[in-house]
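Down below is the structure, laid out as structure tokens.
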There are 2 protein chains.
Amino acid sequence: MTAKTDATPANDRELVLTRLIDAPREKVFKAWTDAELLKQWFAPLPWTTPAVEVDVRPGGSSMFVMRDPDGNDYPNKGVYLEVVESEKLVFTDAFTEAWLPSEKPFFTGVLTFEDEGGKTRYTARARHWTKEDRDAHEKMGFHEGWGQCADQLEALVKKI
Amino acid sequence: MTAKTDATPANDRELVLTRLIDAPREKVFKAWTDAELLKQWFAPLPWTTPAVEVDVRPGGSSMFVMRDPDGNDYPNKGVYLEVVESEKLVFTDAFTEAWLPSEKPFFTGVLTFEDEGGKTRYTARARHWTKEDRDAHEKMGFHEGWGQCADQLEALVKKI
């Protein structure tokens, strides 16, 4: 049996990335839910994440500030929809806080963390409201960007 | 002190209806969360609601079939986002089930049920992603339709 390195999208509005990470899923989940850890891996270098505020519970808000190499800041707000400790995390940019619709619902992220041979099967699904947004997200570099972030995430969880 | 008969929208993407209903809020909440009761008041007559399936919990699905006077059926799917027993109910059509984006996120409904002088202050807020959708919803007859439904709801809760 070989480790899966990809997963099949549920439909033509979804993008998926999956990785087998050599760390327990409790640590991978923590890296996704602890603000100080998120700052260390969330943006693909040379971008950085200088500010993170997360209230990890259904209806709780998130705010990530991503900084480009020129020092420009890009704040992103969202809301958590479902939280299952060390198993699942669902969030969306369709709301800026519970329950205020955002300017533009772009995607909902569904993350799962599963045991697999002593490691963690980490799967990130980005579900969009339109195929156009899914295609735009892919062109923005979804696979490269989320892939690089998964590398950064893995490097971090091996240290904590 | 006079009873409020309207409420102020939070912004130009929101529509609001409020009523003082002469029944305890537990009954008004029940009329909104019990499938058999929903069938009796949910659509403005002569429209009817022949089928209702509700799983009233955060992440639970709802499905309402509304029937026009010619017998045409219009199914509507949604997901509950927040449920506070006899106090608050939040749902959206942005997902058809947890957590699959719908074809078109149109609005999120935020219902509150408050004690007021022995009666129930019932407030229904419809929050849209765009001002265009808010305006379209108003032109579709939001105030008349939700107002008539509130009349039907009030008549029902006085009997249960």
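Ordering of the structure tokens sets the chain letters (A, B, ...); residue numbers start at 1 within each chain; ligands are numbered from 1 in the order shown.
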Find the residues near A:Glu97: any atom within 9 Å, counting only C-alpha atoms, skip ones fewer than 4 places away on the same chain, and give them as a PyMOL selection string.
chain A and resi 59-62+77-79+101-102
With 8 Å as the cut-off and only C-alpha atoms counted, what is the closest atom pair between each nearby residue of chain B and chain A? Distances in Å to one decimal, ordered by chain and number, as a Markdown table.
```
| residue | atom | partner | partner_atom | distance |
| --- | --- | --- | --- | --- |
| B:Gly59 | CA | A:Glu82 | CA | 7.6 |
| B:Leu81 | CA | A:Leu81 | CA | 7.4 |
| B:Glu82 | CA | A:Gly59 | CA | 7.6 |
| B:Trp99 | CA | A:Thr108 | CA | 7.7 |
| B:Leu100 | CA | A:Arg127 | CA | 7.2 |
| B:Pro101 | CA | A:Trp129 | CA | 5.4 |
| B:Ser102 | CA | A:Trp129 | CA | 6.5 |
| B:Glu103 | CA | A:Trp129 | CA | 6.3 |
| B:Lys104 | CA | A:Trp129 | CA | 7.0 |
| B:Pro105 | CA | A:Trp129 | CA | 7.8 |
| B:Thr108 | CA | A:Pro101 | CA | 7.7 |
| B:Val110 | CA | A:Trp99 | CA | 7.9 |
| B:Arg127 | CA | A:Pro101 | CA | 6.8 |
| B:His128 | CA | A:Pro101 | CA | 6.5 |
| B:Trp129 | CA | A:Pro101 | CA | 5.4 |
| B:Thr130 | CA | A:Glu103 | CA | 7.3 |
```
Which residues are near A:Ala31? Cut-off 9 Å, only C-alpha atoms, ignore same chain within fewer than 6 positions. Put them as a PyMOL selection string.
chain A and resi 37-38+40-41+153+156-157
Stretch 10-132 of chain A: which residues are strand (DSSP E) by DSSP, as an NGL selection string?
:A and (14-21 or 48-54 or 61-67 or 73-84 or 88-92 or 95-97 or 100-101 or 107-116 or 119-128)
When DSSP works through the backbone of this structure, what residues of stretch 9-120 of chain A end up as helix (DSSP H, G or I), shown as a ChimeraX atom specification?
/A:25-33,35-41
Atoms to include: all heavy atoms. Write the selected residues as a CSV table (one decimal), in the first residue's frame.
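Full text of out_25.csv as output:
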```csv
chain,number,residue,atom,x,y,z
A,25,ARG,N,-1.7,13.8,14.8
A,25,ARG,CA,-2.7,14.8,14.3
A,25,ARG,C,-3.0,15.9,15.3
A,25,ARG,O,-3.4,17.0,15.0
A,25,ARG,CB,-3.9,14.1,13.8
A,25,ARG,CG,-4.6,13.3,14.8
A,25,ARG,CD,-5.7,12.4,14.1
A,25,ARG,NE,-6.3,11.4,15.0
A,25,ARG,CZ,-7.2,11.6,16.0
A,25,ARG,NH1,-7.7,12.8,16.2
A,25,ARG,NH2,-7.6,10.6,16.7
A,26,GLU,N,-2.8,15.6,16.6
A,26,GLU,CA,-3.0,16.6,17.6
A,26,GLU,C,-2.1,17.8,17.4
A,26,GLU,O,-2.5,19.0,17.6
A,26,GLU,CB,-2.7,16.1,19.1
A,26,GLU,CG,-3.7,15.1,19.6
A,26,GLU,CD,-3.7,13.7,18.9
A,26,GLU,OE1,-2.7,13.4,18.2
A,26,GLU,OE2,-4.6,12.9,19.1
A,27,LYS,N,-0.8,17.6,16.9
A,27,LYS,CA,0.1,18.7,16.7
A,27,LYS,C,-0.3,19.4,15.4
A,27,LYS,O,-0.1,20.6,15.3
A,27,LYS,CB,1.5,18.1,16.6
A,27,LYS,CG,2.1,17.7,17.9
A,27,LYS,CD,3.6,17.5,17.8
A,27,LYS,CE,4.2,17.1,19.2
A,27,LYS,NZ,5.6,16.8,19.2
A,28,VAL,N,-0.7,18.7,14.4
A,28,VAL,CA,-1.0,19.3,13.1
A,28,VAL,C,-2.3,20.2,13.3
A,28,VAL,O,-2.3,21.4,12.9
A,28,VAL,CB,-1.3,18.3,12.0
A,28,VAL,CG1,-1.5,19.0,10.7
A,28,VAL,CG2,-0.1,17.3,11.9
A,29,PHE,N,-3.2,19.7,14.1
A,29,PHE,CA,-4.4,20.5,14.4
A,29,PHE,C,-4.0,21.7,15.2
A,29,PHE,O,-4.5,22.8,15.0
A,29,PHE,CB,-5.4,19.6,15.2
A,29,PHE,CG,-6.7,20.3,15.5
A,29,PHE,CD1,-7.7,20.3,14.6
A,29,PHE,CD2,-7.0,20.9,16.8
A,29,PHE,CE1,-9.0,20.9,14.9
A,29,PHE,CE2,-8.2,21.5,17.1
A,29,PHE,CZ,-9.2,21.5,16.1
A,30,LYS,N,-3.1,21.6,16.2
A,30,LYS,CA,-2.7,22.7,17.0
A,30,LYS,C,-2.0,23.8,16.1
A,30,LYS,O,-2.3,25.0,16.4
A,30,LYS,CB,-1.7,22.2,18.1
A,30,LYS,CG,-1.4,23.3,19.1
A,30,LYS,CD,-0.4,22.8,20.2
A,30,LYS,CE,-0.1,24.0,21.2
A,30,LYS,NZ,0.9,23.6,22.1
A,31,ALA,N,-1.3,23.4,15.2
A,31,ALA,CA,-0.6,24.3,14.3
A,31,ALA,C,-1.7,25.2,13.5
A,31,ALA,O,-1.4,26.3,13.1
A,31,ALA,CB,0.3,23.6,13.3
A,32,TRP,N,-2.8,24.6,13.3
A,32,TRP,CA,-3.9,25.3,12.6
A,32,TRP,C,-4.8,26.1,13.5
A,32,TRP,O,-5.7,26.8,13.0
A,32,TRP,CB,-4.8,24.2,11.9
A,32,TRP,CG,-4.6,24.2,10.4
A,32,TRP,CD1,-3.9,23.2,9.7
A,32,TRP,CD2,-5.0,25.1,9.4
A,32,TRP,NE1,-3.9,23.5,8.4
A,32,TRP,CE2,-4.6,24.7,8.2
A,32,TRP,CE3,-5.8,26.3,9.5
A,32,TRP,CZ2,-4.8,25.3,7.0
A,32,TRP,CZ3,-6.0,27.0,8.3
A,32,TRP,CH2,-5.5,26.5,7.0
A,33,THR,N,-4.7,26.0,14.8
A,33,THR,CA,-5.6,26.6,15.7
A,33,THR,C,-5.0,27.5,16.8
A,33,THR,O,-5.7,28.1,17.6
A,33,THR,CB,-6.5,25.5,16.4
A,33,THR,OG1,-5.6,24.5,17.0
A,33,THR,CG2,-7.4,24.8,15.4
A,35,ALA,N,-2.8,30.7,17.5
A,35,ALA,CA,-2.4,32.0,16.8
A,35,ALA,C,-0.9,32.1,16.7
A,35,ALA,O,-0.3,32.5,15.6
A,35,ALA,CB,-3.0,33.2,17.5
A,36,GLU,N,-0.1,31.8,17.7
A,36,GLU,CA,1.3,32.0,17.7
A,36,GLU,C,2.0,31.0,16.7
A,36,GLU,O,3.0,31.4,16.0
A,36,GLU,CB,2.0,31.9,19.1
A,36,GLU,CG,1.6,33.0,20.0
A,36,GLU,CD,1.8,34.4,19.4
A,36,GLU,OE1,2.9,34.6,18.9
A,36,GLU,OE2,0.8,35.2,19.4
A,37,LEU,N,1.4,29.8,16.6
A,37,LEU,CA,2.0,28.8,15.7
A,37,LEU,C,1.6,29.2,14.2
A,37,LEU,O,2.4,29.1,13.3
A,37,LEU,CB,1.5,27.4,16.0
A,37,LEU,CG,2.0,26.8,17.3
A,37,LEU,CD1,1.4,25.5,17.6
A,37,LEU,CD2,3.5,26.7,17.3
A,38,LEU,N,0.3,29.7,14.1
A,38,LEU,CA,-0.2,30.1,12.7
A,38,LEU,C,0.7,31.1,12.1
A,38,LEU,O,1.0,31.1,10.9
A,38,LEU,CB,-1.6,30.6,12.8
A,38,LEU,CG,-2.7,29.4,12.9
A,38,LEU,CD1,-4.0,30.0,13.4
A,38,LEU,CD2,-2.9,28.8,11.5
A,39,LYS,N,1.2,32.1,12.9
A,39,LYS,CA,2.1,33.1,12.4
A,39,LYS,C,3.4,32.6,11.8
A,39,LYS,O,4.0,33.3,11.0
A,39,LYS,CB,2.4,34.1,13.6
A,39,LYS,CG,1.3,35.0,14.0
A,39,LYS,CD,1.8,35.9,15.2
A,39,LYS,CE,0.7,36.6,15.8
A,39,LYS,NZ,1.1,37.3,17.1
A,40,GLN,N,3.7,31.4,12.2
A,40,GLN,CA,5.0,30.8,11.8
A,40,GLN,C,5.0,30.1,10.5
A,40,GLN,O,6.0,29.7,10.0
A,40,GLN,CB,5.6,29.9,12.9
A,40,GLN,CG,5.9,30.7,14.2
A,40,GLN,CD,6.3,29.8,15.3
A,40,GLN,OE1,7.3,29.0,15.2
A,40,GLN,NE2,5.7,29.9,16.5
A,41,TRP,N,3.8,29.7,10.0
A,41,TRP,CA,3.8,28.9,8.8
A,41,TRP,C,2.7,29.3,7.8
A,41,TRP,O,2.7,28.8,6.7
A,41,TRP,CB,3.6,27.4,9.2
A,41,TRP,CG,2.2,27.1,9.6
A,41,TRP,CD1,1.8,27.1,10.9
A,41,TRP,CD2,1.0,26.8,8.8
A,41,TRP,NE1,0.4,26.8,11.0
A,41,TRP,CE2,-0.1,26.6,9.7
A,41,TRP,CE3,0.8,26.7,7.5
A,41,TRP,CZ2,-1.4,26.3,9.3
A,41,TRP,CZ3,-0.5,26.4,7.0
A,41,TRP,CH2,-1.5,26.2,7.9
```
Figure out the distance between atom CA of B:Phe64 and atom CA of B:Leu111, please, to one decimal in Å.
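The value is 17.2 Å.
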Per residue of stretch 3-110 of chain A within 10 Å of stretch 117-123 of chain A, note the shortest atom pair and the distance in Å to one decimal, counting only C-alpha atoms, and order the rows by chain and increasing residue number, as CSV.
```
residue,atom,partner,partner_atom,distance
A:Ala3,CA,A:Arg121,CA,9.1
A:Lys4,CA,A:Arg121,CA,8.6
A:Thr5,CA,A:Arg121,CA,9.5
A:Asp6,CA,A:Thr123,CA,8.7
A:Ala7,CA,A:Thr123,CA,7.9
A:Val16,CA,A:Thr123,CA,7.1
A:Leu17,CA,A:Thr123,CA,5.8
A:Thr18,CA,A:Thr123,CA,4.2
A:Arg19,CA,A:Tyr122,CA,5.2
A:Leu20,CA,A:Arg121,CA,4.6
A:Ile21,CA,A:Thr120,CA,5.0
A:Asp22,CA,A:Lys119,CA,4.8
A:Ala23,CA,A:Lys119,CA,5.4
A:Pro24,CA,A:Thr120,CA,5.9
A:Arg25,CA,A:Thr120,CA,5.3
A:Glu26,CA,A:Thr120,CA,9.0
A:Lys27,CA,A:Thr120,CA,9.4
A:Val28,CA,A:Thr120,CA,7.8
A:Phe29,CA,A:Tyr122,CA,9.3
A:Glu87,CA,A:Tyr122,CA,9.6
A:Lys88,CA,A:Thr123,CA,9.7
A:Val110,CA,A:Thr123,CA,8.1
```
Just-selected residues, N, CA, C and O atoms written as a compact mmCIF listing (two decimals), in the first residue's frame:
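Generated output (selection_36.txt):
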```txt
# COMPACT_ATOMS: atom_id res chain seq x y z
N ALA A 3 1.25 5.45 0.15
CA ALA A 3 0.55 6.59 0.74
C ALA A 3 -0.09 7.43 -0.36
O ALA A 3 0.52 7.66 -1.41
N LYS A 4 -1.32 7.84 -0.11
CA LYS A 4 -1.98 8.72 -1.07
C LYS A 4 -1.26 10.07 -1.10
O LYS A 4 -0.83 10.57 -0.08
N THR A 5 -1.10 10.60 -2.28
CA THR A 5 -0.50 11.94 -2.35
C THR A 5 -1.49 12.93 -2.95
O THR A 5 -1.20 14.11 -3.04
N ASP A 6 -2.64 12.42 -3.39
CA ASP A 6 -3.66 13.38 -3.79
C ASP A 6 -5.04 12.80 -3.47
O ASP A 6 -5.17 11.65 -3.09
N ALA A 7 -6.05 13.63 -3.57
CA ALA A 7 -7.42 13.21 -3.29
C ALA A 7 -8.28 13.76 -4.41
O ALA A 7 -7.90 14.70 -5.10
N VAL A 16 -8.40 20.36 -3.95
CA VAL A 16 -7.99 19.51 -2.82
C VAL A 16 -6.47 19.36 -2.77
O VAL A 16 -5.82 19.22 -3.82
N LEU A 17 -5.94 19.40 -1.58
CA LEU A 17 -4.53 19.08 -1.35
C LEU A 17 -4.46 18.09 -0.20
O LEU A 17 -5.18 18.24 0.79
N THR A 18 -3.67 17.05 -0.36
CA THR A 18 -3.52 16.11 0.75
C THR A 18 -2.04 15.78 0.94
O THR A 18 -1.26 15.75 -0.02
N ARG A 19 -1.66 15.54 2.19
CA ARG A 19 -0.28 15.22 2.55
C ARG A 19 -0.27 14.22 3.70
O ARG A 19 -1.17 14.24 4.54
N LEU A 20 0.75 13.40 3.71
CA LEU A 20 0.99 12.54 4.86
C LEU A 20 2.08 13.24 5.66
O LEU A 20 3.20 13.41 5.17
N ILE A 21 1.74 13.67 6.85
CA ILE A 21 2.68 14.44 7.67
C ILE A 21 3.18 13.57 8.83
O ILE A 21 2.39 12.94 9.53
N ASP A 22 4.51 13.57 9.00
CA ASP A 22 5.12 12.71 10.01
C ASP A 22 5.06 13.35 11.39
O ASP A 22 6.09 13.77 11.95
N ALA A 23 3.86 13.43 11.92
CA ALA A 23 3.63 13.99 13.26
C ALA A 23 2.22 13.57 13.67
O ALA A 23 1.39 13.26 12.80
N PRO A 24 1.95 13.53 14.97
CA PRO A 24 0.60 13.17 15.41
C PRO A 24 -0.41 14.26 15.03
O PRO A 24 -0.07 15.44 14.97
N ARG A 25 -1.67 13.83 14.79
CA ARG A 25 -2.65 14.81 14.30
C ARG A 25 -2.97 15.89 15.33
O ARG A 25 -3.36 17.00 14.95
N GLU A 26 -2.75 15.60 16.63
CA GLU A 26 -2.97 16.64 17.64
C GLU A 26 -2.07 17.85 17.38
O GLU A 26 -2.47 18.99 17.56
N LYS A 27 -0.83 17.56 16.93
CA LYS A 27 0.10 18.67 16.67
C LYS A 27 -0.25 19.42 15.39
O LYS A 27 -0.12 20.64 15.31
N VAL A 28 -0.69 18.69 14.37
CA VAL A 28 -1.05 19.34 13.12
C VAL A 28 -2.28 20.23 13.34
O VAL A 28 -2.34 21.37 12.87
N PHE A 29 -3.22 19.70 14.12
CA PHE A 29 -4.43 20.48 14.44
C PHE A 29 -4.04 21.72 15.25
O PHE A 29 -4.54 22.83 15.01
N GLU A 87 -9.50 16.56 14.66
CA GLU A 87 -10.07 15.76 13.57
C GLU A 87 -10.51 16.59 12.37
O GLU A 87 -10.30 16.20 11.22
N LYS A 88 -11.15 17.73 12.65
CA LYS A 88 -11.77 18.46 11.55
C LYS A 88 -11.88 19.94 11.89
O LYS A 88 -12.15 20.31 13.04
N VAL A 110 -12.39 23.01 4.27
CA VAL A 110 -12.72 21.83 5.08
C VAL A 110 -11.42 21.04 5.27
O VAL A 110 -10.87 20.48 4.31
```
Interatomic distance between atom CA of B:Pro50 and atom CA of B:Met66?
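Atom-to-atom, atom CA of B:Pro50 to atom CA of B:Met66, that is 6.7 Å.
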List as a PyMOL selection string the protein and nucleic acid residues near stretch 45-47 of chain A, meaning an atom at most 7 Å away when only C-alpha atoms are counted, but skip any in the same chain fewer than 4 places from it.
chain A and resi 66-69
